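To start, the structure under review is shown below, and the notes come after it.
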Amino acid sequence: METKTRIESWFKQCEKFELKPWEWDFKQSYISKPIKNISPIRLMLEYKNHQLKDIGISNVTGKTGNKADCDKEPSHIYQLLWGTENDPKLESKLYLDSHNLLRGETMNSFWTTFKNSVINSSNKNTVYNEIGVNPQKALRNQYSLLISNDNFENFELVKNNISAFEKFATLSHSIGNFTVIPHWMNNGRYKFSQDYWDVTLQSFFYFFKSMGCWRNFVETYFLQPYVNNDKEWTVSEFWEGHFLNIKKPKQLTPQNQEELIEYLHKVNIRIEERGKWIIKKTCDELKLRHFKFYDELKDIQIRFSNEMN
């Protein structure tokens, strides 16, 4: 009953904020005022800089600031759909029992691609000099310089793709970009995949295919938007040749403007597609079909990657 009550309450807040649940940015968990009119990129950088310190709507962990972790907040949806029993308030204690073997995880990282776009912009040196970024220091330690006066908008690759980046900044912490994975997998996944979900899935494909459970895995976690509806349900690359760099992690980011545009388009549409299906399954399971947003979901079927633009 607590699960249904919490989810229904969240749906009501979505309607109050005039947002569909699959568009809800869980950074709202750490800020009390509505974030709808705040720059999504600025909000992302403030979140990464541990500046969001309020207990906001949809916050179930009670954590903020440097303890904030968006993908831990929808724990009731994880429990409903995937049978997790996680208590989000205990996750940091690393208990190795049934309450902590699985944890929420963000599938596609915003920061990895955004940082790469800043660093590879043709006007990087000029902007660095203007805003005071030290190229000898990690960019993640200089968030405040990017945030000030929205300086992040000045970098060529960001400026040229600002709308797609803004959408990704929001969808990055939406329900469609969250899943659950074993607790120990988080750091290891980044080292070989740079948190690109197509690369992560490719490793799962080879592992589960030999055991005959690949399709079941895809269906259980609603991963059809990332695989092709072919004989083997092969994983779809974000751009052609992406998998060729799996053993070269530093080359897994987009290498040119064309790859960046393709990635941002594909990742946004796939997150949204999966998010709609997660919300539909949640509504159907809890018989919460009376919300207005459900009208958009009632007749949909989740699409495979090769069925999407």
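Following the order of the structure tokens, chains are lettered A, B, ..., residues in each are numbered from 1, and ligands are numbered from 1.
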
**OP:** Check range 182-223 of chain A with DSSP on the backbone and list each residue it calls alpha helix (DSSP H), as number ranges by chain.
**Re:** A: 185-193, 197-209, 214-220

Please provide as an mmCIF file with all heavy atoms, in the first residue's frame all residues within 10 Å of range 139-150 of chain A, with the sequence filter that same-chain residues fewer than 2 positions apart are discarded (counting only C-alpha atoms).
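In the end it all went to result.cif:
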data_model
loop_
_atom_site.group_PDB
_atom_site.id
_atom_site.type_symbol
_atom_site.label_atom_id
_atom_site.label_comp_id
_atom_site.auth_asym_id
_atom_site.auth_seq_id
_atom_site.Cartn_x
_atom_site.Cartn_y
_atom_site.Cartn_z
ATOM 1 N N SER A 39 17.229 26.598 -16.246
ATOM 2 C CA SER A 39 18.038 25.984 -17.289
ATOM 3 C C SER A 39 18.410 24.562 -16.893
ATOM 4 O O SER A 39 19.038 24.353 -15.850
ATOM 5 C CB SER A 39 19.323 26.791 -17.516
ATOM 6 O OG SER A 39 20.295 26.029 -18.199
ATOM 7 N N ILE A 41 20.647 22.575 -18.016
ATOM 8 C CA ILE A 41 22.094 22.363 -17.953
ATOM 9 C C ILE A 41 22.657 23.001 -16.690
ATOM 10 O O ILE A 41 23.478 22.398 -15.988
ATOM 11 C CB ILE A 41 22.791 22.910 -19.207
ATOM 12 C CG1 ILE A 41 22.281 22.181 -20.453
ATOM 13 C CG2 ILE A 41 24.306 22.758 -19.091
ATOM 14 C CD1 ILE A 41 22.834 22.735 -21.756
ATOM 15 N N ARG A 42 22.226 24.215 -16.393
ATOM 16 C CA ARG A 42 22.656 24.863 -15.148
ATOM 17 C C ARG A 42 22.281 23.988 -13.950
ATOM 18 O O ARG A 42 23.089 23.774 -13.041
ATOM 19 C CB ARG A 42 22.001 26.244 -15.026
ATOM 20 C CG ARG A 42 22.100 26.841 -13.617
ATOM 21 C CD ARG A 42 21.381 28.169 -13.522
ATOM 22 N NE ARG A 42 22.225 29.232 -14.044
ATOM 23 C CZ ARG A 42 23.069 29.930 -13.292
ATOM 24 N NH1 ARG A 42 23.190 29.668 -12.005
ATOM 25 N NH2 ARG A 42 23.804 30.876 -13.812
ATOM 26 N N LEU A 43 21.056 23.483 -13.945
ATOM 27 C CA LEU A 43 20.598 22.643 -12.839
ATOM 28 C C LEU A 43 21.448 21.386 -12.720
ATOM 29 O O LEU A 43 21.805 20.967 -11.611
ATOM 30 C CB LEU A 43 19.134 22.270 -13.052
ATOM 31 C CG LEU A 43 18.439 21.542 -11.908
ATOM 32 C CD1 LEU A 43 18.337 22.429 -10.678
ATOM 33 C CD2 LEU A 43 17.055 21.071 -12.336
ATOM 34 N N MET A 44 21.799 20.794 -13.851
ATOM 35 C CA MET A 44 22.651 19.607 -13.833
ATOM 36 C C MET A 44 24.008 19.925 -13.215
ATOM 37 O O MET A 44 24.526 19.169 -12.376
ATOM 38 C CB MET A 44 22.831 19.064 -15.247
ATOM 39 C CG MET A 44 23.852 17.938 -15.362
ATOM 40 S SD MET A 44 23.364 16.410 -14.509
ATOM 41 C CE MET A 44 22.224 15.717 -15.728
ATOM 42 N N LEU A 45 24.607 21.041 -13.619
ATOM 43 C CA LEU A 45 25.927 21.410 -13.101
ATOM 44 C C LEU A 45 25.850 21.761 -11.610
ATOM 45 O O LEU A 45 26.760 21.429 -10.846
ATOM 46 C CB LEU A 45 26.493 22.579 -13.899
ATOM 47 C CG LEU A 45 26.794 22.274 -15.376
ATOM 48 C CD1 LEU A 45 27.241 23.529 -16.109
ATOM 49 C CD2 LEU A 45 27.841 21.183 -15.510
ATOM 50 N N GLU A 46 24.776 22.389 -11.183
ATOM 51 C CA GLU A 46 24.596 22.683 -9.760
ATOM 52 C C GLU A 46 24.440 21.392 -8.965
ATOM 53 O O GLU A 46 24.961 21.265 -7.849
ATOM 54 C CB GLU A 46 23.387 23.587 -9.561
ATOM 55 C CG GLU A 46 23.607 25.003 -10.062
ATOM 56 C CD GLU A 46 22.384 25.885 -9.933
ATOM 57 O OE1 GLU A 46 21.270 25.334 -9.740
ATOM 58 O OE2 GLU A 46 22.525 27.127 -10.020
ATOM 59 N N TYR A 47 23.734 20.432 -9.536
ATOM 60 C CA TYR A 47 23.599 19.115 -8.904
ATOM 61 C C TYR A 47 24.958 18.433 -8.790
ATOM 62 O O TYR A 47 25.322 17.906 -7.720
ATOM 63 C CB TYR A 47 22.639 18.265 -9.738
ATOM 64 C CG TYR A 47 22.598 16.795 -9.388
ATOM 65 C CD1 TYR A 47 21.949 16.340 -8.246
ATOM 66 C CD2 TYR A 47 23.195 15.851 -10.223
ATOM 67 C CE1 TYR A 47 21.900 14.987 -7.939
ATOM 68 C CE2 TYR A 47 23.150 14.507 -9.936
ATOM 69 C CZ TYR A 47 22.500 14.067 -8.788
ATOM 70 O OH TYR A 47 22.464 12.724 -8.499
ATOM 71 N N LYS A 48 25.732 18.453 -9.867
ATOM 72 C CA LYS A 48 27.058 17.839 -9.843
ATOM 73 C C LYS A 48 27.986 18.559 -8.867
ATOM 74 O O LYS A 48 28.908 17.954 -8.319
ATOM 75 C CB LYS A 48 27.668 17.866 -11.245
ATOM 76 C CG LYS A 48 26.873 17.138 -12.320
ATOM 77 C CD LYS A 48 26.895 15.652 -12.176
ATOM 78 C CE LYS A 48 28.221 15.067 -12.557
ATOM 79 N NZ LYS A 48 28.203 13.570 -12.517
ATOM 80 N N ASN A 49 27.716 19.841 -8.639
ATOM 81 C CA ASN A 49 28.535 20.655 -7.735
ATOM 82 C C ASN A 49 28.007 20.620 -6.305
ATOM 83 O O ASN A 49 28.450 21.392 -5.463
ATOM 84 C CB ASN A 49 28.581 22.102 -8.240
ATOM 85 C CG ASN A 49 29.792 22.861 -7.741
ATOM 86 O OD1 ASN A 49 30.881 22.296 -7.594
ATOM 87 N ND2 ASN A 49 29.622 24.154 -7.481
ATOM 88 N N GLN A 51 25.173 21.589 -5.010
ATOM 89 C CA GLN A 51 24.549 22.823 -4.567
ATOM 90 C C GLN A 51 23.062 22.671 -4.248
ATOM 91 O O GLN A 51 22.458 23.608 -3.720
ATOM 92 C CB GLN A 51 24.720 23.916 -5.633
ATOM 93 C CG GLN A 51 26.146 24.374 -5.832
ATOM 94 C CD GLN A 51 26.289 25.412 -6.928
ATOM 95 O OE1 GLN A 51 27.223 25.373 -7.726
ATOM 96 N NE2 GLN A 51 25.364 26.358 -6.983
ATOM 97 N N TRP A 111 27.171 13.957 -18.087
ATOM 98 C CA TRP A 111 28.431 14.658 -17.906
ATOM 99 C C TRP A 111 29.518 14.164 -18.856
ATOM 100 O O TRP A 111 30.312 14.952 -19.377
ATOM 101 C CB TRP A 111 28.906 14.535 -16.458
ATOM 102 C CG TRP A 111 30.264 15.125 -16.218
ATOM 103 C CD1 TRP A 111 31.399 14.471 -15.871
ATOM 104 C CD2 TRP A 111 30.635 16.513 -16.339
ATOM 105 N NE1 TRP A 111 32.449 15.343 -15.742
ATOM 106 C CE2 TRP A 111 32.010 16.611 -16.020
ATOM 107 C CE3 TRP A 111 29.934 17.668 -16.669
ATOM 108 C CZ2 TRP A 111 32.697 17.822 -16.035
ATOM 109 C CZ3 TRP A 111 30.613 18.885 -16.677
ATOM 110 C CH2 TRP A 111 31.982 18.950 -16.368
ATOM 111 N N LYS A 115 31.066 17.040 -21.027
ATOM 112 C CA LYS A 115 32.470 17.401 -20.784
ATOM 113 C C LYS A 115 33.285 17.248 -22.062
ATOM 114 O O LYS A 115 34.102 18.117 -22.401
ATOM 115 C CB LYS A 115 33.054 16.516 -19.682
ATOM 116 C CG LYS A 115 34.544 16.747 -19.414
ATOM 117 C CD LYS A 115 35.094 15.732 -18.425
ATOM 118 C CE LYS A 115 35.128 14.353 -19.009
ATOM 119 N NZ LYS A 115 35.796 13.366 -18.122
ATOM 120 N N VAL A 118 32.668 20.154 -24.327
ATOM 121 C CA VAL A 118 33.368 21.365 -23.874
ATOM 122 C C VAL A 118 34.836 21.297 -24.299
ATOM 123 O O VAL A 118 35.386 22.224 -24.905
ATOM 124 C CB VAL A 118 33.253 21.525 -22.352
ATOM 125 C CG1 VAL A 118 34.226 22.588 -21.831
ATOM 126 C CG2 VAL A 118 31.821 21.884 -21.963
ATOM 127 N N ILE A 119 35.468 20.192 -24.001
ATOM 128 C CA ILE A 119 36.903 20.040 -24.240
ATOM 129 C C ILE A 119 37.241 20.060 -25.732
ATOM 130 O O ILE A 119 38.302 20.552 -26.136
ATOM 131 C CB ILE A 119 37.408 18.737 -23.586
ATOM 132 C CG1 ILE A 119 37.347 18.861 -22.062
ATOM 133 C CG2 ILE A 119 38.821 18.393 -24.040
ATOM 134 C CD1 ILE A 119 37.662 17.573 -21.325
ATOM 135 N N TYR A 128 38.026 29.322 -22.110
ATOM 136 C CA TYR A 128 38.765 29.043 -20.873
ATOM 137 C C TYR A 128 39.428 30.322 -20.353
ATOM 138 O O TYR A 128 39.351 30.642 -19.156
ATOM 139 C CB TYR A 128 39.832 27.986 -21.130
ATOM 140 C CG TYR A 128 39.371 26.542 -20.995
ATOM 141 C CD1 TYR A 128 38.025 26.206 -21.022
ATOM 142 C CD2 TYR A 128 40.289 25.506 -20.838
ATOM 143 C CE1 TYR A 128 37.615 24.894 -20.909
ATOM 144 C CE2 TYR A 128 39.889 24.178 -20.718
ATOM 145 C CZ TYR A 128 38.552 23.884 -20.757
ATOM 146 O OH TYR A 128 38.140 22.581 -20.629
ATOM 147 N N ILE A 131 36.793 32.889 -18.945
ATOM 148 C CA ILE A 131 36.062 32.587 -17.704
ATOM 149 C C ILE A 131 36.969 32.051 -16.599
ATOM 150 O O ILE A 131 36.505 31.819 -15.475
ATOM 151 C CB ILE A 131 34.903 31.602 -17.966
ATOM 152 C CG1 ILE A 131 35.420 30.207 -18.347
ATOM 153 C CG2 ILE A 131 33.981 32.138 -19.043
ATOM 154 C CD1 ILE A 131 34.316 29.168 -18.545
ATOM 155 N N GLY A 132 38.247 31.818 -16.907
ATOM 156 C CA GLY A 132 39.203 31.446 -15.875
ATOM 157 C C GLY A 132 39.374 29.977 -15.614
ATOM 158 O O GLY A 132 39.882 29.582 -14.549
ATOM 159 N N VAL A 133 38.969 29.122 -16.554
ATOM 160 C CA VAL A 133 39.152 27.681 -16.376
ATOM 161 C C VAL A 133 40.640 27.343 -16.516
ATOM 162 O O VAL A 133 41.316 27.792 -17.448
ATOM 163 C CB VAL A 133 38.339 26.889 -17.417
ATOM 164 C CG1 VAL A 133 38.725 25.408 -17.397
ATOM 165 C CG2 VAL A 133 36.851 27.043 -17.160
ATOM 166 N N ASN A 134 41.146 26.557 -15.580
ATOM 167 C CA ASN A 134 42.531 26.089 -15.623
ATOM 168 C C ASN A 134 42.575 24.746 -16.338
ATOM 169 O O ASN A 134 42.085 23.746 -15.805
ATOM 170 C CB ASN A 134 43.085 25.956 -14.210
ATOM 171 C CG ASN A 134 44.558 25.580 -14.193
ATOM 172 O OD1 ASN A 134 45.108 25.128 -15.190
ATOM 173 N ND2 ASN A 134 45.203 25.757 -13.050
ATOM 174 N N PRO A 135 43.158 24.682 -17.542
ATOM 175 C CA PRO A 135 43.172 23.429 -18.305
ATOM 176 C C PRO A 135 43.995 22.329 -17.646
ATOM 177 O O PRO A 135 43.899 21.164 -18.036
ATOM 178 C CB PRO A 135 43.764 23.840 -19.662
ATOM 179 C CG PRO A 135 44.562 25.066 -19.372
ATOM 180 C CD PRO A 135 43.840 25.777 -18.265
ATOM 181 N N GLN A 136 44.817 22.685 -16.665
ATOM 182 C CA GLN A 136 45.636 21.692 -15.967
ATOM 183 C C GLN A 136 44.862 21.003 -14.844
ATOM 184 O O GLN A 136 45.346 20.039 -14.264
ATOM 185 C CB GLN A 136 46.893 22.356 -15.389
ATOM 186 C CG GLN A 136 47.759 23.077 -16.427
ATOM 187 C CD GLN A 136 48.183 22.174 -17.565
ATOM 188 O OE1 GLN A 136 48.589 21.037 -17.334
ATOM 189 N NE2 GLN A 136 48.084 22.675 -18.796
ATOM 190 N N LYS A 137 43.684 21.507 -14.546
ATOM 191 C CA LYS A 137 42.864 20.929 -13.482
ATOM 192 C C LYS A 137 41.637 20.251 -14.082
ATOM 193 O O LYS A 137 41.183 20.615 -15.167
ATOM 194 C CB LYS A 137 42.432 22.016 -12.491
ATOM 195 C CG LYS A 137 43.575 22.651 -11.719
ATOM 196 C CD LYS A 137 43.040 23.675 -10.725
ATOM 197 C CE LYS A 137 44.172 24.310 -9.928
ATOM 198 N NZ LYS A 137 43.672 25.337 -8.961
ATOM 199 N N PHE A 152 28.663 27.943 -19.711
ATOM 200 C CA PHE A 152 28.680 26.682 -20.455
ATOM 201 C C PHE A 152 28.111 26.862 -21.855
ATOM 202 O O PHE A 152 28.427 26.098 -22.764
ATOM 203 C CB PHE A 152 27.891 25.611 -19.701
ATOM 204 C CG PHE A 152 26.458 25.978 -19.410
ATOM 205 C CD1 PHE A 152 25.461 25.811 -20.363
ATOM 206 C CD2 PHE A 152 26.093 26.492 -18.172
ATOM 207 C CE1 PHE A 152 24.148 26.142 -20.102
ATOM 208 C CE2 PHE A 152 24.786 26.842 -17.886
ATOM 209 C CZ PHE A 152 23.801 26.663 -18.860
ATOM 210 N N GLU A 153 27.262 27.863 -22.054
ATOM 211 C CA GLU A 153 26.639 28.083 -23.359
ATOM 212 C C GLU A 153 27.622 28.610 -24.406
ATOM 213 O O GLU A 153 27.318 28.617 -25.599
ATOM 214 C CB GLU A 153 25.475 29.068 -23.236
ATOM 215 C CG GLU A 153 24.311 28.569 -22.405
ATOM 216 C CD GLU A 153 23.182 29.572 -22.352
ATOM 217 O OE1 GLU A 153 23.388 30.731 -22.797
ATOM 218 O OE2 GLU A 153 22.090 29.216 -21.880
ATOM 219 N N ASN A 154 28.789 29.062 -23.962
ATOM 220 C CA ASN A 154 29.721 29.713 -24.877
ATOM 221 C C ASN A 154 30.569 28.743 -25.694
ATOM 222 O O ASN A 154 31.199 29.147 -26.679
ATOM 223 C CB ASN A 154 30.644 30.661 -24.105
ATOM 224 C CG ASN A 154 29.872 31.803 -23.447
ATOM 225 O OD1 ASN A 154 28.860 32.246 -23.967
ATOM 226 N ND2 ASN A 154 30.359 32.255 -22.299
ATOM 227 N N PHE A 155 30.625 27.492 -25.281
ATOM 228 C CA PHE A 155 31.444 26.517 -25.991
ATOM 229 C C PHE A 155 30.737 26.089 -27.283
ATOM 230 O O PHE A 155 29.549 25.759 -27.268
ATOM 231 C CB PHE A 155 31.750 25.321 -25.102
ATOM 232 C CG PHE A 155 32.598 25.667 -23.915
ATOM 233 C CD1 PHE A 155 32.014 26.021 -22.701
ATOM 234 C CD2 PHE A 155 33.982 25.677 -24.004
ATOM 235 C CE1 PHE A 155 32.796 26.358 -21.602
ATOM 236 C CE2 PHE A 155 34.766 26.007 -22.910
ATOM 237 C CZ PHE A 155 34.174 26.357 -21.707
#

For range 208-260 of chain A versus range 103-107 of chain A, which residues have an atom no more than 12 Å away, and what is each residue's nearest atom pair and distance in Å rounded to one decimal, using only C-alpha atoms, chain-then-number order, as CSV?
residue,atom,partner,partner_atom,distance
A:Tyr221,CA,A:Met107,CA,11.7
A:Leu223,CA,A:Met107,CA,10.8
A:Tyr226,CA,A:Met107,CA,11.3

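If you measure from each of A:His76, A:Tyr190, A:Gln257, A:Phe208 to Ser122 in chain A using only C-alpha atoms, the closest one turns out to be A:Gln257.
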
**OP:** Determine the nearest neighbour of Ser109 in chain A from the options A:Thr64, A:Asn306, A:Gln301, A:Ser193, counting only C-alpha atoms.
**Re:**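 The closest residue to Ser109 in chain A is A:Ser193.
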
Original post:
Which residues in range 26-163 of chain A does DSSP call strand (DSSP E or B)? List them as a VMD selection string.
Top reply: chain A and resid 102 to 106

**OP:** Excluding range 274-290 of chain A and residues on its chain fewer than 6 positions from it, collect all residues at most 7 Å away from it, counting only C-alpha atoms, and give them as a list in words.
**Re:**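 Close residues of range 274-290 of chain A: Lys4, Pro21, Trp22, Ile175, Gly176, Phe222, Pro225, Leu297 and Ile302 of chain A.
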
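Within the 10 Å cut-off around Pro249 in chain A, using only C-alpha atoms and omitting residues fewer than 4 positions from it on the same chain, the listed residues are Tyr190, Lys191, Phe192, Ser193, Gln194, Asn245 and Thr253 of chain A.
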